[in-house]
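The structure appears below as structure tokens.
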Amino acid sequence: MSFLESGQSRPQLTQLERQKPPVFENLLTALHNAFSRTAIMQSLLFNGTPHQSAGSSVLVNGDCFDWMDHQAENLIHAVVTDPPYGVKEFDADQLVKRASGNGGVWRIPPTFDGHKRAPLPRFTALNDAERIRLTEFFVRLGHSMFRVLRPGGHVFLAGNSYLSQSVFAAICESGFEFRGEIIRLVRTLRGGDRPKNAEEEFPDIVSMPRGCYEPWGLFRKPLPKGMTVSECLRKYQTGGLRRLPSGGPFNDVIPSERTSRAERDIAPHPSIKPQSLMRQLVYAALPTGAGTVMDPFMGSGSTIAACKALSIQGIGIEASKEYYDMAVKAIPKLAKIVVSTSVREHSKPSLLPFFDDQTQ
Ligand SMILES: C[S@@+](CC[C@H](N)C(=O)[O-])C[C@H]1O[C@@H](n2cnc3c(N)ncnc32)[C@H](O)[C@@H]1O
């Protein structure tokens, strides 16, 4: 069982480090990490915002824009986050509608085979004004993240195939380089239906493709002019992505799975992401293994739990008190989840499993 699966931390060695005696190299890594952690923690500013520590991480109950805009520049090594994608789905009025089963932006799927499925946000229902709000939100997010990230720092931003083109362009307005997308292969339960109210007339038609992936935008704060990646790695511990524990390159397609029942029971947040995915992303986000990962939209804490599982320092910010309290309780439990190996063993994407006819 690898440490990514078990939640146990094991430092990954670079080629150079492999040539040093292990005791010396472990000591150096530990000292460097401890110094870097303390320095970052000491420079965080809270201005009365409620917060608490969770192991080496810190959890903040507040608005991420306010919080980021009060921090020092060039502080954080990476951002791994899953934002409110249509922006309005986590507004208080929409959450009340979701809880009451009255929809709003949340589509309440029909019961299937006796199983009640969770509501999904209806992103195609955004009107022009909401699209403008969405663009403004992500331009603002881009600016706030750009300030606090170190040069060369990466952002992994969970996306959605309907809106990613607007969102990714908005993020780049603040100066980020677009470094492509990570494709999480997962059945999303979107699309794949016959035309509504004409299912019998058009039995061979789908209105739109069935969703089988989740795009994650990958962005990098540019390296200082003239600086190489190796110089950036030495100076800021940023600029690249960490290779897989096997030594292979980090891939931009990740065979994944839907969040397990066990994880959803621990943290019943509508958008909780699986540990099997989050641990891979958090691991890749810190190229030298040192540094701090921030999740400005922490939700129930799956990013910070992944950090905890890998002994990485995280900063999680969540506006909702309900979800913040959920994260405080869930993080230690999620961090102990043992993730299944079967998904990660497919190191090469395979088409075949996606041509079957499963409905979940
Ligand atoms: C898509 S969810 C993230 C779920 C998370 N990935 C998890 O595993 O639970 C987005 C979260 O961002 C929070 N949020 C929305 N606006 C925020 C803001 N301005 N500052 C901080 N959190 C915010 C919402 O309350 C919601 O919990």
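Every chain in the structure tokens has a letter given in the order shown (A, B, ...), and although residue numbers restart at 1 in each chain, ligands are simply numbered from 1 in the order shown.
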
inquiry  = Quick one: residues within 8 Å of segment 58-60 of chain A, only C-alpha atoms, excluding same-chain residues fewer than 4 positions away - as a ChimeraX atom specification?
reply    = /A:49-54,314-318,324,328

request  = Could I get the residue neighbourhood of ligand 1 at 8 Å, counting only C-alpha atoms and all ligand atoms, as a VMD selection string?
outcome  = chain A and resid 61 to 65 81 to 85 87 90 to 91 267 269 to 274 296 to 303 317 to 320 323 to 324 327

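If you measure from each of A:His154, A:Arg279, A:Arg210, A:Arg264 to Leu223 of chain A using only C-alpha atoms, the closest one turns out to be A:His154.
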
request  = Would you kindly return, as a list in words, each protein, DNA or RNA residue with an atom no farther than 7 Å from any atom of segment 187-200 of chain A, considering only C-alpha atoms and excluding same-chain residues fewer than 5 positions away?
outcome  = Ile205, Val206, Ser207, Met208, Pro209, Arg210, Gly211, Cys212, Tyr213 and Gln360 of chain A
